[in-house]
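Coordinates from my_file.cif are shown below (mmCIF, C-alpha atoms).
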data_model
#
loop_
_atom_site.label_atom_id
_atom_site.label_comp_id
_atom_site.auth_asym_id
_atom_site.auth_seq_id
_atom_site.Cartn_x
_atom_site.Cartn_y
_atom_site.Cartn_z
CA LYS L 892 -8.89 3.66 24.01
CA THR L 893 -9.90 1.72 20.98
CA GLU L 894 -13.10 -0.28 20.91
CA GLU L 895 -11.19 -3.36 19.74
CA ALA L 896 -8.70 -3.27 22.59
CA HIS L 897 -11.42 -2.57 25.13
CA ASN L 898 -13.38 -5.61 23.94
CA PHE L 899 -10.21 -7.65 24.06
CA SER L 900 -9.62 -6.68 27.67
CA VAL L 901 -13.18 -7.59 28.65
CA GLU L 902 -13.08 -10.94 26.88
CA ASN L 903 -9.80 -11.80 28.58
CA ARG L 904 -10.94 -10.65 32.02
CA PHE L 905 -8.77 -7.61 32.41
CA ASP L 906 -10.47 -5.44 35.05
CA TYR L 907 -9.14 -2.27 33.50
CA PHE L 908 -8.09 -1.42 29.98
CA ASN L 909 -4.50 -0.63 31.01
CA GLU L 910 -4.13 -3.43 33.54
CA THR L 911 -0.91 -5.34 33.03
CA SER L 912 -1.04 -9.10 32.74
CA ALA L 913 1.25 -10.87 35.21
CA LYS L 914 1.73 -13.68 32.69
CA THR L 915 2.84 -11.58 29.73
CA GLY L 916 3.94 -8.30 31.29
CA LEU L 917 1.78 -6.49 28.74
CA ASN L 918 -1.41 -4.54 29.12
CA ALA L 919 -4.52 -5.22 27.06
CA GLN L 920 -3.78 -2.63 24.44
CA GLU L 921 -0.22 -3.88 23.95
CA ILE L 922 -1.42 -7.47 23.62
CA PHE L 923 -4.04 -6.41 21.13
CA ILE L 924 -1.52 -4.57 18.97
CA HIS L 925 0.94 -7.47 19.09
CA ALA L 926 -1.74 -10.00 18.17
CA ALA L 927 -3.00 -7.81 15.36
CA LYS L 928 0.47 -7.43 13.89
CA GLU L 929 1.11 -11.15 13.91
CA LEU L 930 -2.31 -12.44 12.87
CA TYR L 931 -3.72 -9.83 10.53
CA LYS L 932 -0.62 -8.49 8.78
CA GLY L 933 -2.45 -5.52 7.43
CA TYR L 934 -5.42 -7.49 6.10
CA LEU L 935 -8.89 -7.29 7.67
CA LEU L 936 -7.80 -5.01 10.50
CA TYR L 937 -7.24 -2.08 8.18
CA ASN L 938 -10.95 -1.63 7.84
CA LYS L 939 -13.76 -2.97 9.99
CA LYS L 940 -15.99 -3.20 6.92
CA SER L 941 -13.53 -5.33 4.95
CA THR L 942 -14.66 -8.71 3.70
CA LYS L 943 -12.69 -11.86 2.95
CA ASN L 944 -11.82 -10.62 -0.52
CA GLN L 945 -11.56 -6.87 -0.04
CA ILE L 946 -9.48 -4.35 1.84
CA LEU L 947 -11.78 -1.33 1.73
CA ASP L 948 -11.18 2.40 1.92
CA ILE L 949 -9.67 3.95 4.99
CA GLU L 950 -8.87 7.61 5.40
CA ASN L 951 -6.16 8.78 7.78
CA ASP L 952 -8.62 10.55 10.05
CA GLU L 953 -10.56 7.30 10.51
CA GLU L 954 -7.60 5.40 11.87
CA SER L 955 -7.37 4.59 15.55
CA ASP L 956 -4.06 4.95 17.37
CA SER L 957 -3.73 1.17 17.37
CA ILE L 958 -4.10 0.99 13.60
CA LYS L 959 -1.52 3.74 13.12
CA SER L 960 0.88 1.93 15.44
CA ILE L 961 0.50 -1.27 13.45
CA LYS L 962 1.01 0.52 10.14
CA GLU L 963 4.16 2.23 11.38
CA SER L 964 5.82 -1.09 12.26
CA LEU L 965 4.44 -3.32 9.48
CA ASN L 966 7.39 -4.56 7.42
CA ASP L 967 5.80 -7.30 5.36
CA ILE L 968 2.39 -8.25 4.03
CA GLU L 969 1.17 -11.71 3.13
CA PHE L 970 -1.94 -11.25 1.02
CA PRO L 971 -4.51 -14.07 0.85
CA ASN L 972 -5.11 -15.56 -2.59
CA SER L 973 -8.81 -14.74 -2.24
CA LEU L 974 -8.11 -11.01 -2.23
CA THR L 975 -9.60 -9.12 -5.20
CA SER L 976 -9.32 -5.42 -4.33
CA ILE L 977 -7.38 -3.01 -2.12
CA GLY L 978 -8.94 0.30 -1.15
CA ASN L 979 -7.91 3.91 -0.70
CA PHE L 980 -4.96 4.50 1.67
CA ALA L 981 -5.07 0.85 2.81
CA PHE L 982 -1.30 0.80 3.35
CA GLY L 983 -0.52 4.50 3.12
CA TYR L 984 2.24 5.61 5.49
CA CYS L 985 3.40 2.08 6.32
CA GLU L 986 6.87 3.45 6.85
CA SER L 987 8.57 0.12 7.62
CA LEU L 988 7.18 -1.76 4.62
CA GLU L 989 10.03 -2.81 2.31
CA SER L 990 8.57 -5.09 -0.36
CA VAL L 991 5.18 -6.07 -1.72
CA VAL L 992 3.96 -8.92 -3.89
CA ILE L 993 0.32 -8.52 -4.88
CA PRO L 994 -1.27 -11.84 -5.88
CA ASP L 995 -2.93 -12.37 -9.25
CA SER L 996 -6.32 -12.63 -7.58
CA VAL L 997 -6.28 -8.84 -7.17
CA ILE L 998 -8.02 -7.05 -10.03
CA TYR L 999 -8.44 -3.57 -8.57
CA LEU L 1000 -6.34 -1.04 -6.65
CA ASP L 1001 -7.77 2.26 -5.43
CA GLN L 1002 -5.88 5.54 -5.10
CA ASN L 1003 -3.09 6.13 -2.56
CA VAL L 1004 -2.77 2.45 -1.66
CA PHE L 1005 0.96 2.74 -0.90
CA THR L 1006 1.32 6.51 -0.55
CA ALA L 1007 4.38 7.56 1.47
CA CYS L 1008 5.66 4.06 2.20
CA SER L 1009 9.06 5.61 2.65
CA ASN L 1010 11.04 2.35 2.87
CA LEU L 1011 9.25 0.44 0.10
CA LYS L 1012 11.90 -0.74 -2.37
CA THR L 1013 10.41 -3.45 -4.58
CA VAL L 1014 6.89 -4.15 -5.85
CA VAL L 1015 5.44 -6.98 -7.91
CA LEU L 1016 1.92 -6.26 -9.13
CA SER L 1017 -0.90 -8.63 -9.96
CA ASN L 1018 -1.03 -9.81 -13.57
CA ASN L 1019 -4.73 -9.00 -13.63
CA ILE L 1020 -4.94 -5.31 -12.80
CA THR L 1021 -5.49 -2.90 -15.67
CA GLU L 1022 -4.71 0.40 -14.00
CA ILE L 1023 -2.20 1.83 -11.56
CA PRO L 1024 -4.39 4.46 -9.91
CA SER L 1025 -3.58 8.05 -9.05
CA TYR L 1026 -1.03 8.59 -6.25
CA CYS L 1027 -0.68 4.83 -5.79
CA PHE L 1028 3.06 5.04 -5.03
CA HIS L 1029 3.28 8.75 -4.27
CA SER L 1030 6.46 9.60 -2.32
CA CYS L 1031 7.76 6.05 -2.11
CA VAL L 1032 11.20 7.58 -2.01
CA LYS L 1033 13.19 4.32 -1.90
CA LEU L 1034 11.24 2.53 -4.61
CA CYS L 1035 13.82 1.36 -7.12
CA GLU L 1036 12.17 -1.61 -8.82
CA ILE L 1037 8.63 -2.32 -9.95
CA TYR L 1038 7.30 -4.91 -12.37
CA LEU L 1039 4.44 -3.67 -14.54
CA PRO L 1040 2.50 -6.63 -15.99
CA ASN L 1041 1.19 -6.61 -19.55
CA SER L 1042 -2.34 -6.25 -18.22
CA ILE L 1043 -1.69 -2.60 -17.35
CA GLU L 1044 -3.50 -0.23 -19.72
CA THR L 1045 -3.39 3.01 -17.73
CA ILE L 1046 -1.00 4.68 -15.30
CA GLY L 1047 -2.93 7.25 -13.29
CA SER L 1048 -2.07 10.83 -12.49
CA TYR L 1049 0.86 11.22 -10.09
CA ALA L 1050 1.00 7.45 -9.61
CA PHE L 1051 4.78 7.52 -9.09
CA VAL L 1052 5.30 11.18 -8.24
CA ALA L 1053 8.41 11.79 -6.10
CA CYS L 1054 9.72 8.23 -6.42
CA VAL L 1055 13.15 9.79 -6.43
CA ASN L 1056 15.12 6.52 -6.56
CA LEU L 1057 13.20 4.88 -9.40
CA SER L 1058 15.85 4.54 -12.10
CA ASN L 1059 14.31 2.24 -14.69
CA ILE L 1060 10.93 1.04 -15.86
CA THR L 1061 9.50 -1.16 -18.58
CA LEU L 1062 6.28 0.05 -20.15
CA PRO L 1063 4.13 -3.01 -20.91
CA ASN L 1064 2.63 -4.04 -24.24
CA ASN L 1065 -0.97 -3.06 -23.55
CA LEU L 1066 -0.27 0.34 -21.99
CA THR L 1067 -2.24 3.04 -23.82
CA GLU L 1068 -2.27 5.99 -21.43
CA ILE L 1069 0.05 7.65 -18.92
CA ARG L 1070 -1.80 10.45 -17.20
CA ASN L 1071 -0.64 13.85 -16.03
CA GLY L 1072 2.33 13.97 -13.68
CA ALA L 1073 2.57 10.21 -13.26
CA PHE L 1074 6.37 10.36 -13.06
CA ASP L 1075 6.91 13.91 -11.81
CA SER L 1076 10.07 14.32 -9.71
CA CYS L 1077 11.42 10.89 -10.66
CA TYR L 1078 14.81 12.46 -11.19
CA LEU L 1079 16.77 9.21 -11.65
CA LEU L 1080 14.37 7.66 -14.16
CA GLN L 1081 16.71 7.49 -17.13
CA THR L 1082 16.25 3.96 -18.44
CA ILE L 1083 12.93 3.23 -20.10
CA ILE L 1084 12.11 0.11 -22.07
CA ASN L 1085 9.05 0.96 -24.11
CA ASN L 1086 7.09 -2.11 -25.20
CA SER L 1087 3.92 -0.07 -25.71
CA ASN L 1088 2.74 1.88 -28.73
CA ILE L 1089 3.07 5.17 -26.88
CA ILE L 1090 5.49 7.54 -28.60
CA LEU L 1091 7.92 8.98 -26.06
CA ASN L 1092 9.73 12.28 -26.45
CA LEU L 1093 12.93 12.51 -24.44
CA GLY L 1094 12.97 15.45 -22.07
CA SER L 1095 9.25 16.04 -22.44
CA SER L 1096 6.57 16.24 -19.76
CA ASP L 1097 4.17 14.46 -22.11
CA ASN L 1098 2.88 11.04 -21.10
CA GLY L 1099 3.17 11.75 -17.41
CA GLY L 1100 6.76 12.91 -17.78
CA VAL L 1101 8.04 9.33 -17.99
CA ALA L 1102 10.84 10.37 -20.37
CA ARG L 1103 11.51 13.80 -18.88
CA TYR L 1104 14.83 12.82 -17.32
CA ALA L 1105 15.90 10.18 -19.86
#
Translate the structure described by the file into structure tokens.
Amino acid sequence: KTEEAHNFSVENRFDYFNETSAKTGLNAQEIFIHAAKELYKGYLLYNKKSTKNQILDIENDEESDSIKSIKESLNDIEFPNSLTSIGNFAFGYCESLESVVIPDSVIYLDQNVFTACSNLKTVVLSNNITEIPSYCFHSCVKLCEIYLPNSIETIGSYAFVACVNLSNITLPNNLTEIRNGAFDSCYLLQTIINNSNIILNLGSSDNGGVARYA
């Protein structure tokens, strides 16, 4: 039983946590999960400590069963324009998530934000973030398109490791560093448009291996 669902059942006069409502045919926990999916869309619910402009850290072992259920079925996210940061593992293992547009209000992403989002295909990042952190898109195996804004200066270690369907990428003007293993196991990454001043060596593991398979 989660604390949230228990409180919901009390507030709505369910005598027992698993009592089924005659009106909806759902029990309190099911109603809670449904309401959370529709109203929160992966925003405040992902961490009880989150504020209006932050989605804070959440580790897998901190997640309740209800949170995990929501993450497994979440297929879209509508971020508020007041959002400024997204914390560790906030959307990790959202296996139904297919596309993400991060608003320009966001200036900071933590590690593992979209780790193992196995159906994530397209991503548009904020024009105001300067770093793609370590393991940010680790094992996003269907990711085939991502726009890197010119604000990006650093791509963190293993940021795109095992993105096995990523076939092309444009390195932005202000990029100065690609850290170790950033593009490891990106076997289809053969088209690279390099607008940065980084010197790429085809077939090399230098610069995060971005040109290893080119």
Distance criterion (only C-alpha atoms): nearest to L:Glu1022 out of L:Leu1057, L:Ile1043, L:Leu988, L:Ile977:
L:Ile1043
Starting from the PyMOL selection byres ((chain L and resi 1011) around 9), expand the selection into actual residues of this file and give them as number ranges by chain.
L: 985-991, 1005, 1007-1010, 1012-1014, 1031-1035
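In this model, the gap between atom CA of L:Phe982 and atom CA of L:Asp1001 comes to 11.0 Å.
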The PyMOL selection byres ((chain L and resi 1085) around 10) - which residues does that actually catch in the file I just gave you? List them as an MDAnalysis selection string.
chainID L and resid 1060:1064 1066 1082:1084 1086:1091
For the selection you just gave me, I'd like the residues written to a file as a PDB file, keeping the file's coordinate frame, keeping C-alpha atoms.
ATOM      1  CA  ILE L1060      10.930   1.040 -15.860  1.00  0.00           C
ATOM      2  CA  THR L1061       9.500  -1.160 -18.580  1.00  0.00           C
ATOM      3  CA  LEU L1062       6.280   0.050 -20.150  1.00  0.00           C
ATOM      4  CA  PRO L1063       4.130  -3.010 -20.910  1.00  0.00           C
ATOM      5  CA  ASN L1064       2.630  -4.040 -24.240  1.00  0.00           C
ATOM      6  CA  LEU L1066      -0.270   0.340 -21.990  1.00  0.00           C
ATOM      7  CA  THR L1082      16.250   3.960 -18.440  1.00  0.00           C
ATOM      8  CA  ILE L1083      12.930   3.230 -20.100  1.00  0.00           C
ATOM      9  CA  ILE L1084      12.110   0.110 -22.070  1.00  0.00           C
ATOM     10  CA  ASN L1086       7.090  -2.110 -25.200  1.00  0.00           C
ATOM     11  CA  SER L1087       3.920  -0.070 -25.710  1.00  0.00           C
ATOM     12  CA  ASN L1088       2.740   1.880 -28.730  1.00  0.00           C
ATOM     13  CA  ILE L1089       3.070   5.170 -26.880  1.00  0.00           C
ATOM     14  CA  ILE L1090       5.490   7.540 -28.600  1.00  0.00           C
ATOM     15  CA  LEU L1091       7.920   8.980 -26.060  1.00  0.00           C
TER      16      LEU L1091
END
Residue IDs satisfying the PyMOL selection byres ((chain L and resi 1004) around 6), as a PyMOL selection string
chain L and resi 979-983+1002-1003+1005-1006+1027
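Note that atom CA of L:Glu1044 and atom CA of L:Asn1065 are 5.4 Å apart.
Proximity of L:Ser1017, L:Asn1056, L:Thr975, L:Asn1098 to L:Glu1068, computed with only C-alpha atoms, is greatest for L:Asn1098.
For L:Ser1025, the residues within 6 Å (counting only C-alpha atoms, excluding itself and residues fewer than 5 positions away along the chain) are L:Gln1002, L:Gly1047, L:Ser1048, L:Tyr1049, L:Ala1050.
In this model, the gap between atom CA of L:Ile1046 and atom CA of L:Phe1074 comes to 9.6 Å.
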